[in-house]
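The next block is input-v4.txt, given as compact mmCIF, N, CA and C atoms.
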# COMPACT_ATOMS: atom_id res chain seq x y z
N MET A 1 45.10 -40.25 -7.86
CA MET A 1 43.93 -39.65 -7.29
C MET A 1 44.36 -38.43 -6.47
N LEU A 2 43.67 -37.30 -6.72
CA LEU A 2 44.05 -36.06 -6.06
C LEU A 2 43.31 -35.83 -4.74
N ILE A 3 42.10 -36.35 -4.63
CA ILE A 3 41.30 -36.14 -3.41
C ILE A 3 41.33 -37.42 -2.58
N THR A 4 41.64 -37.28 -1.32
CA THR A 4 41.68 -38.46 -0.46
C THR A 4 40.26 -38.88 -0.11
N PRO A 5 40.05 -40.14 0.18
CA PRO A 5 38.70 -40.62 0.53
C PRO A 5 38.10 -39.93 1.75
N ALA A 6 38.90 -39.46 2.69
CA ALA A 6 38.37 -38.80 3.89
C ALA A 6 37.70 -37.47 3.54
N TYR A 7 38.31 -36.69 2.62
CA TYR A 7 37.70 -35.43 2.21
C TYR A 7 36.43 -35.66 1.40
N ALA A 8 36.41 -36.63 0.59
CA ALA A 8 35.24 -36.94 -0.23
C ALA A 8 34.07 -37.35 0.65
N GLN A 9 34.30 -38.10 1.68
CA GLN A 9 33.22 -38.51 2.57
C GLN A 9 32.69 -37.32 3.37
N ALA A 10 33.54 -36.41 3.79
CA ALA A 10 33.09 -35.25 4.57
C ALA A 10 32.25 -34.32 3.71
N ALA A 11 32.55 -34.17 2.45
CA ALA A 11 31.80 -33.29 1.57
C ALA A 11 30.42 -33.85 1.26
N ALA A 12 30.25 -35.14 1.23
CA ALA A 12 28.97 -35.75 0.89
C ALA A 12 27.95 -35.59 2.01
N GLY A 13 28.36 -35.61 3.24
CA GLY A 13 27.44 -35.51 4.37
C GLY A 13 26.95 -34.09 4.57
N GLY A 14 25.60 -33.88 4.80
CA GLY A 14 25.05 -32.55 5.03
C GLY A 14 25.09 -32.22 6.51
N ASP A 15 25.42 -31.02 6.81
CA ASP A 15 25.49 -30.58 8.21
C ASP A 15 24.23 -29.78 8.53
N ALA A 16 23.51 -30.16 9.58
CA ALA A 16 22.26 -29.48 9.97
C ALA A 16 22.53 -28.05 10.42
N ASN A 17 23.67 -27.82 11.02
CA ASN A 17 24.02 -26.49 11.49
C ASN A 17 24.22 -25.52 10.33
N SER A 18 24.82 -25.99 9.25
CA SER A 18 25.03 -25.11 8.11
C SER A 18 23.69 -24.78 7.42
N MET A 19 22.75 -25.75 7.40
CA MET A 19 21.44 -25.48 6.81
C MET A 19 20.68 -24.44 7.65
N LEU A 20 20.79 -24.55 8.95
CA LEU A 20 20.15 -23.58 9.84
C LEU A 20 20.74 -22.19 9.64
N MET A 21 22.02 -22.13 9.48
CA MET A 21 22.67 -20.83 9.27
C MET A 21 22.31 -20.23 7.92
N SER A 22 22.01 -21.06 6.93
CA SER A 22 21.62 -20.51 5.63
C SER A 22 20.17 -20.01 5.65
N LEU A 23 19.32 -20.56 6.52
CA LEU A 23 17.94 -20.10 6.63
C LEU A 23 17.76 -18.94 7.61
N LEU A 24 18.74 -18.71 8.43
CA LEU A 24 18.67 -17.64 9.43
C LEU A 24 18.47 -16.25 8.83
N PRO A 25 19.13 -15.86 7.76
CA PRO A 25 18.87 -14.53 7.18
C PRO A 25 17.43 -14.34 6.70
N PHE A 26 16.82 -15.39 6.15
CA PHE A 26 15.43 -15.28 5.72
C PHE A 26 14.49 -15.07 6.91
N ALA A 27 14.74 -15.79 7.99
CA ALA A 27 13.93 -15.62 9.19
C ALA A 27 14.12 -14.23 9.77
N LEU A 28 15.33 -13.75 9.75
CA LEU A 28 15.63 -12.41 10.26
C LEU A 28 14.93 -11.34 9.42
N ILE A 29 14.92 -11.50 8.11
CA ILE A 29 14.22 -10.56 7.23
C ILE A 29 12.73 -10.57 7.52
N PHE A 30 12.14 -11.74 7.73
CA PHE A 30 10.72 -11.83 8.04
C PHE A 30 10.39 -11.12 9.35
N VAL A 31 11.22 -11.29 10.37
CA VAL A 31 10.99 -10.64 11.66
C VAL A 31 11.07 -9.13 11.52
N ILE A 32 12.05 -8.64 10.78
CA ILE A 32 12.19 -7.20 10.57
C ILE A 32 10.99 -6.65 9.80
N MET A 33 10.54 -7.37 8.76
CA MET A 33 9.37 -6.93 7.99
C MET A 33 8.13 -6.87 8.88
N TYR A 34 7.98 -7.84 9.78
CA TYR A 34 6.82 -7.86 10.68
C TYR A 34 6.80 -6.61 11.56
N PHE A 35 7.93 -6.28 12.16
CA PHE A 35 7.95 -5.15 13.09
C PHE A 35 7.93 -3.80 12.39
N LEU A 36 8.42 -3.72 11.16
CA LEU A 36 8.45 -2.44 10.46
C LEU A 36 7.22 -2.18 9.60
N ILE A 37 6.56 -3.22 9.11
CA ILE A 37 5.45 -3.02 8.17
C ILE A 37 4.14 -3.59 8.69
N LEU A 38 4.10 -4.87 8.99
CA LEU A 38 2.84 -5.51 9.32
C LEU A 38 2.24 -5.04 10.65
N ARG A 39 3.04 -4.98 11.68
CA ARG A 39 2.52 -4.61 12.99
C ARG A 39 1.98 -3.17 13.03
N PRO A 40 2.69 -2.16 12.48
CA PRO A 40 2.11 -0.81 12.48
C PRO A 40 0.83 -0.72 11.64
N GLN A 41 0.75 -1.47 10.54
CA GLN A 41 -0.45 -1.45 9.72
C GLN A 41 -1.62 -2.05 10.47
N GLN A 42 -1.42 -3.13 11.20
CA GLN A 42 -2.49 -3.73 12.00
C GLN A 42 -2.96 -2.77 13.09
N LYS A 43 -2.04 -2.04 13.69
CA LYS A 43 -2.41 -1.07 14.73
C LYS A 43 -3.23 0.06 14.12
N LYS A 44 -2.85 0.51 12.94
CA LYS A 44 -3.59 1.58 12.27
C LYS A 44 -5.01 1.15 11.93
N VAL A 45 -5.18 -0.07 11.44
CA VAL A 45 -6.50 -0.60 11.11
C VAL A 45 -7.34 -0.72 12.38
N LYS A 46 -6.75 -1.18 13.46
CA LYS A 46 -7.47 -1.32 14.72
C LYS A 46 -7.91 0.04 15.26
N ASP A 47 -7.05 1.05 15.18
CA ASP A 47 -7.40 2.39 15.64
C ASP A 47 -8.52 2.99 14.80
N HIS A 48 -8.50 2.77 13.47
CA HIS A 48 -9.55 3.30 12.60
C HIS A 48 -10.89 2.62 12.90
N ALA A 49 -10.87 1.31 13.14
CA ALA A 49 -12.10 0.60 13.48
C ALA A 49 -12.68 1.12 14.79
N GLU A 50 -11.83 1.41 15.74
CA GLU A 50 -12.28 1.96 17.03
C GLU A 50 -12.87 3.37 16.84
N LEU A 51 -12.23 4.19 16.02
CA LEU A 51 -12.70 5.54 15.73
C LEU A 51 -14.08 5.49 15.08
N VAL A 52 -14.24 4.62 14.11
CA VAL A 52 -15.51 4.51 13.38
C VAL A 52 -16.61 3.98 14.29
N LYS A 53 -16.27 3.06 15.17
CA LYS A 53 -17.26 2.47 16.07
C LYS A 53 -17.79 3.50 17.08
N ASN A 54 -16.96 4.46 17.45
CA ASN A 54 -17.33 5.41 18.50
C ASN A 54 -17.91 6.72 17.97
N ILE A 55 -18.29 6.79 16.71
CA ILE A 55 -18.90 8.01 16.17
C ILE A 55 -20.30 8.17 16.77
N ARG A 56 -20.59 9.38 17.24
CA ARG A 56 -21.90 9.68 17.84
C ARG A 56 -22.48 10.93 17.23
N ARG A 57 -23.75 11.16 17.51
CA ARG A 57 -24.41 12.37 17.03
C ARG A 57 -23.73 13.58 17.65
N GLY A 58 -23.48 14.59 16.84
CA GLY A 58 -22.83 15.80 17.31
C GLY A 58 -21.34 15.86 16.98
N ASP A 59 -20.75 14.74 16.57
CA ASP A 59 -19.33 14.73 16.20
C ASP A 59 -19.14 15.44 14.86
N THR A 60 -18.04 16.13 14.72
CA THR A 60 -17.66 16.71 13.43
C THR A 60 -16.70 15.73 12.78
N VAL A 61 -17.07 15.24 11.60
CA VAL A 61 -16.30 14.20 10.93
C VAL A 61 -15.75 14.69 9.60
N VAL A 62 -14.68 14.04 9.15
CA VAL A 62 -14.09 14.30 7.85
C VAL A 62 -14.15 12.98 7.08
N THR A 63 -14.70 13.02 5.86
CA THR A 63 -14.78 11.80 5.06
C THR A 63 -13.50 11.62 4.26
N SER A 64 -13.36 10.46 3.66
CA SER A 64 -12.18 10.21 2.84
C SER A 64 -12.21 11.05 1.57
N GLY A 65 -13.39 11.55 1.17
CA GLY A 65 -13.50 12.43 0.02
C GLY A 65 -13.25 13.88 0.34
N GLY A 66 -13.11 14.21 1.62
CA GLY A 66 -12.79 15.57 2.01
C GLY A 66 -13.97 16.38 2.53
N LEU A 67 -15.16 15.78 2.59
CA LEU A 67 -16.32 16.51 3.14
C LEU A 67 -16.21 16.60 4.65
N VAL A 68 -16.57 17.75 5.18
CA VAL A 68 -16.58 17.95 6.62
C VAL A 68 -18.00 18.26 7.02
N GLY A 69 -18.49 17.58 8.04
CA GLY A 69 -19.85 17.81 8.47
C GLY A 69 -20.08 17.34 9.89
N LYS A 70 -21.27 17.67 10.39
CA LYS A 70 -21.64 17.33 11.75
C LYS A 70 -22.64 16.18 11.70
N VAL A 71 -22.38 15.14 12.48
CA VAL A 71 -23.24 13.96 12.49
C VAL A 71 -24.58 14.33 13.10
N THR A 72 -25.66 14.06 12.35
CA THR A 72 -27.01 14.34 12.84
C THR A 72 -27.73 13.07 13.26
N LYS A 73 -27.32 11.95 12.68
CA LYS A 73 -28.03 10.70 12.99
C LYS A 73 -27.10 9.52 12.71
N VAL A 74 -27.10 8.57 13.63
CA VAL A 74 -26.40 7.31 13.40
C VAL A 74 -27.46 6.33 12.91
N VAL A 75 -27.43 6.01 11.61
CA VAL A 75 -28.48 5.21 11.00
C VAL A 75 -28.41 3.77 11.50
N ASP A 76 -27.29 3.12 11.33
CA ASP A 76 -27.09 1.76 11.82
C ASP A 76 -25.59 1.51 11.98
N ASP A 77 -25.21 0.25 12.04
CA ASP A 77 -23.79 -0.07 12.24
C ASP A 77 -22.94 0.27 11.02
N ASP A 78 -23.58 0.45 9.85
CA ASP A 78 -22.81 0.69 8.63
C ASP A 78 -22.89 2.13 8.13
N GLN A 79 -23.92 2.89 8.50
CA GLN A 79 -24.13 4.22 7.92
C GLN A 79 -24.34 5.27 9.00
N ILE A 80 -23.94 6.50 8.64
CA ILE A 80 -24.27 7.66 9.46
C ILE A 80 -24.85 8.72 8.53
N GLU A 81 -25.54 9.66 9.11
CA GLU A 81 -26.05 10.80 8.34
C GLU A 81 -25.44 12.04 8.95
N PHE A 82 -24.88 12.90 8.10
CA PHE A 82 -24.29 14.12 8.62
C PHE A 82 -24.67 15.30 7.75
N GLU A 83 -24.61 16.47 8.36
CA GLU A 83 -25.03 17.70 7.71
C GLU A 83 -23.78 18.46 7.26
N ILE A 84 -23.71 18.74 5.96
CA ILE A 84 -22.55 19.46 5.44
C ILE A 84 -22.83 20.95 5.28
N SER A 85 -24.12 21.32 5.26
CA SER A 85 -24.54 22.71 5.17
C SER A 85 -25.93 22.78 5.77
N ASP A 86 -26.47 23.98 5.94
CA ASP A 86 -27.80 24.10 6.51
C ASP A 86 -28.82 23.39 5.62
N GLY A 87 -29.44 22.35 6.17
CA GLY A 87 -30.48 21.62 5.45
C GLY A 87 -29.96 20.61 4.44
N VAL A 88 -28.65 20.46 4.29
CA VAL A 88 -28.10 19.50 3.34
C VAL A 88 -27.51 18.34 4.15
N ARG A 89 -28.22 17.20 4.08
CA ARG A 89 -27.78 16.02 4.83
C ARG A 89 -27.34 14.94 3.86
N VAL A 90 -26.31 14.24 4.25
CA VAL A 90 -25.71 13.21 3.40
C VAL A 90 -25.56 11.94 4.23
N ARG A 91 -25.85 10.79 3.59
CA ARG A 91 -25.59 9.50 4.24
C ARG A 91 -24.23 9.02 3.77
N GLN A 92 -23.49 8.46 4.68
CA GLN A 92 -22.13 8.02 4.38
C GLN A 92 -21.89 6.69 5.08
N MET A 93 -21.14 5.82 4.43
CA MET A 93 -20.71 4.58 5.07
C MET A 93 -19.70 4.92 6.16
N ARG A 94 -19.81 4.27 7.29
CA ARG A 94 -18.91 4.55 8.41
C ARG A 94 -17.45 4.33 8.05
N GLN A 95 -17.17 3.31 7.26
CA GLN A 95 -15.78 2.99 6.93
C GLN A 95 -15.11 4.07 6.09
N MET A 96 -15.90 4.95 5.48
CA MET A 96 -15.34 6.02 4.65
C MET A 96 -15.03 7.28 5.46
N ILE A 97 -15.21 7.23 6.75
CA ILE A 97 -14.84 8.35 7.63
C ILE A 97 -13.34 8.25 7.92
N SER A 98 -12.62 9.32 7.63
CA SER A 98 -11.18 9.27 7.84
C SER A 98 -10.76 9.90 9.16
N GLY A 99 -11.61 10.72 9.75
CA GLY A 99 -11.22 11.31 11.02
C GLY A 99 -12.37 12.02 11.70
N VAL A 100 -12.21 12.25 12.98
CA VAL A 100 -13.19 12.99 13.78
C VAL A 100 -12.48 14.23 14.28
N ARG A 101 -13.00 15.40 13.90
CA ARG A 101 -12.37 16.67 14.30
C ARG A 101 -12.72 17.05 15.72
N ALA A 102 -14.02 17.06 16.03
CA ALA A 102 -14.46 17.48 17.36
C ALA A 102 -15.50 16.49 17.85
N LYS A 103 -15.33 16.09 19.09
CA LYS A 103 -16.28 15.17 19.69
C LYS A 103 -17.48 15.95 20.20
N GLY A 104 -18.66 15.48 19.83
CA GLY A 104 -19.89 16.08 20.35
C GLY A 104 -20.26 15.45 21.67
N GLU A 105 -21.32 15.96 22.26
CA GLU A 105 -21.79 15.37 23.50
C GLU A 105 -22.58 14.12 23.17
N PRO A 106 -22.52 13.10 24.02
CA PRO A 106 -23.26 11.88 23.74
C PRO A 106 -24.77 12.16 23.67
N ALA A 107 -25.44 11.40 22.85
CA ALA A 107 -26.88 11.57 22.69
C ALA A 107 -27.58 11.24 24.00
N LYS A 108 -28.64 12.00 24.29
CA LYS A 108 -29.41 11.79 25.51
C LYS A 108 -30.13 10.46 25.41
N GLU A 109 -29.97 9.64 26.44
CA GLU A 109 -30.61 8.33 26.42
C GLU A 109 -32.09 8.49 26.73
N VAL A 110 -32.91 7.80 25.94
CA VAL A 110 -34.36 7.86 26.13
C VAL A 110 -34.75 6.78 27.12
N GLY A 111 -35.43 7.22 28.18
CA GLY A 111 -35.88 6.28 29.20
C GLY A 111 -37.13 5.53 28.74
N LYS A 112 -37.58 4.55 29.51
CA LYS A 112 -38.74 3.75 29.15
C LYS A 112 -40.01 4.61 29.13
N ASP A 113 -40.14 5.55 30.08
CA ASP A 113 -41.33 6.40 30.15
C ASP A 113 -41.40 7.34 28.96
N GLU A 114 -40.26 7.91 28.56
CA GLU A 114 -40.23 8.84 27.43
C GLU A 114 -40.48 8.10 26.12
N ALA A 115 -39.98 6.86 26.00
CA ALA A 115 -40.17 6.09 24.78
C ALA A 115 -41.63 5.69 24.62
N ALA A 116 -42.30 5.40 25.72
CA ALA A 116 -43.71 5.01 25.66
C ALA A 116 -44.58 6.21 25.31
N ALA A 117 -44.18 7.41 25.71
CA ALA A 117 -44.97 8.61 25.43
C ALA A 117 -44.86 9.01 23.98
N SER A 118 -43.78 8.65 23.29
CA SER A 118 -43.61 9.07 21.90
C SER A 118 -44.39 8.24 20.92
This entry written out as C-alpha cells:
Amino acid sequence: MLITPAYAQAAAGGDANSMLMSLLPFALIFVIMYFLILRPQQKKVKDHAELVKNIRRGDTVVTSGGLVGKVTKVVDDDQIEFEISDGVRVRQMRQMISGVRAKGEPAKEVGKDEAAAS
C-alpha cells in the first residue's frame, strides 16, 4: 500500500475554511459589480425621476427624440405639453424627457378668490 491510512482520512474530510476561500472570489466579484455598475445606474434612474417630477411651465426641455421646446402646460403626472414652434404644441410623456435646458419661473399659484372668479 502506497498511501498511509492517516493521509487517506485527511483527504476525505472537508474543510469549511477551504470552502469559504473558494467562494470568496465570487463574492468579491459581486461586490465590485455592485459598486461599478448597479449603484451608478440606480443613481442615474433616481436623478432622471427627480428631473421629470420637477418639470414646470416655462422650462425648456429636450426630448429623447431630440425635440427642443418650452413647456406650456403640465397636463398630468404622465404628460406635458410643450411648444416647439410658434403655435405648434406637442404632448409628450414625461418619461421621454431627457433633459431640461433652462428652468422657467414657477407657475403663479391661483388663490381661492381668483379660482372662484374664473
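Contact shell of range 34-51 of chain A at 8 Å (all atoms listed in the file; same-chain neighbours under 4 positions omitted): Leu28, Ile29, Phe30, Ile55, Arg56, Arg94, Gln95, Ile97, Ser98, Gly99 and Val100 of chain A.
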Using N, CA and C atoms, can you write the selected residues to a file as a short mmCIF file (atom, residue, chain, number, x, y, z; two decimals), in the coordinates of the input?
data_model
loop_
_atom_site.label_atom_id
_atom_site.label_comp_id
_atom_site.auth_asym_id
_atom_site.auth_seq_id
_atom_site.Cartn_x
_atom_site.Cartn_y
_atom_site.Cartn_z
N LEU A 28 15.33 -13.75 9.75
CA LEU A 28 15.63 -12.41 10.26
C LEU A 28 14.93 -11.34 9.42
N ILE A 29 14.92 -11.50 8.11
CA ILE A 29 14.22 -10.56 7.23
C ILE A 29 12.73 -10.57 7.52
N PHE A 30 12.14 -11.74 7.73
CA PHE A 30 10.72 -11.83 8.04
C PHE A 30 10.39 -11.12 9.35
N ILE A 55 -18.29 6.79 16.71
CA ILE A 55 -18.90 8.01 16.17
C ILE A 55 -20.30 8.17 16.77
N ARG A 56 -20.59 9.38 17.24
CA ARG A 56 -21.90 9.68 17.84
C ARG A 56 -22.48 10.93 17.23
N ARG A 94 -19.81 4.27 7.29
CA ARG A 94 -18.91 4.55 8.41
C ARG A 94 -17.45 4.33 8.05
N GLN A 95 -17.17 3.31 7.26
CA GLN A 95 -15.78 2.99 6.93
C GLN A 95 -15.11 4.07 6.09
N ILE A 97 -15.21 7.23 6.75
CA ILE A 97 -14.84 8.35 7.63
C ILE A 97 -13.34 8.25 7.92
N SER A 98 -12.62 9.32 7.63
CA SER A 98 -11.18 9.27 7.84
C SER A 98 -10.76 9.90 9.16
N GLY A 99 -11.61 10.72 9.75
CA GLY A 99 -11.22 11.31 11.02
C GLY A 99 -12.37 12.02 11.70
N VAL A 100 -12.21 12.25 12.98
CA VAL A 100 -13.19 12.99 13.78
C VAL A 100 -12.48 14.23 14.28
#
If we draw a sphere of 6 Å around (-19.0, 15.0, 13.6), which residues have at least one atom in it when counting only N, CA and C atoms? Please report them as a JSON list (two decimals) with N, CA and C atoms, in the coordinates of the input.
[["chain", "number", "residue", "atom", "x", "y", "z"],
["A", 58, "GLY", "N", -23.48, 14.59, 16.84],
["A", 58, "GLY", "CA", -22.83, 15.80, 17.31],
["A", 58, "GLY", "C", -21.34, 15.86, 16.98],
["A", 59, "ASP", "N", -20.75, 14.74, 16.57],
["A", 59, "ASP", "CA", -19.33, 14.73, 16.20],
["A", 59, "ASP", "C", -19.14, 15.44, 14.86],
["A", 60, "THR", "N", -18.04, 16.13, 14.72],
["A", 60, "THR", "CA", -17.66, 16.71, 13.43],
["A", 60, "THR", "C", -16.70, 15.73, 12.78],
["A", 61, "VAL", "N", -17.07, 15.24, 11.60],
["A", 61, "VAL", "CA", -16.30, 14.20, 10.93],
["A", 61, "VAL", "C", -15.75, 14.69, 9.60],
["A", 69, "GLY", "N", -18.49, 17.58, 8.04],
["A", 69, "GLY", "CA", -19.85, 17.81, 8.47],
["A", 69, "GLY", "C", -20.08, 17.34, 9.89],
["A", 70, "LYS", "N", -21.27, 17.67, 10.39],
["A", 70, "LYS", "CA", -21.64, 17.33, 11.75],
["A", 70, "LYS", "C", -22.64, 16.18, 11.70],
["A", 71, "VAL", "N", -22.38, 15.14, 12.48],
["A", 71, "VAL", "CA", -23.24, 13.96, 12.49],
["A", 71, "VAL", "C", -24.58, 14.33, 13.10],
["A", 102, "ALA", "N", -14.02, 17.06, 16.03],
["A", 102, "ALA", "CA", -14.46, 17.48, 17.36],
["A", 102, "ALA", "C", -15.50, 16.49, 17.85]]
(message) So the first atom is atom N of Ile32 in chain A and the second is CA of Leu20 in chain A; what is the distance between them in Å, to one decimal place?
(response)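 Going from atom N of Ile32 in chain A over to CA of Leu20 in chain A, I get 17.0 Å.
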(request) Considering only C-alpha atoms, return as a PyMOL selection string whatever protein or nucleic-acid residues lie within 6 Å of Thr72 in chain A, sequence-local ones (same chain, fewer than 2 positions apart) excluded. (result) chain A and resi 57+81-82
(message) Here is a test: counting all atoms listed in the file, which residue of A:Leu24, A:Ala16, A:Val52, A:Val31 is nearest to Met96 in chain A?
(response) A:Val52
(request) Figure out the distance between CA of Ala27 in chain A and CA of Asp15 in chain A, please, to one decimal in Å. (result)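 Here the two named atoms are 18.9 Å from each other.
From atom C of Met93 in chain A back to CA of Val75 in chain A, the distance works out to 10.0 Å.
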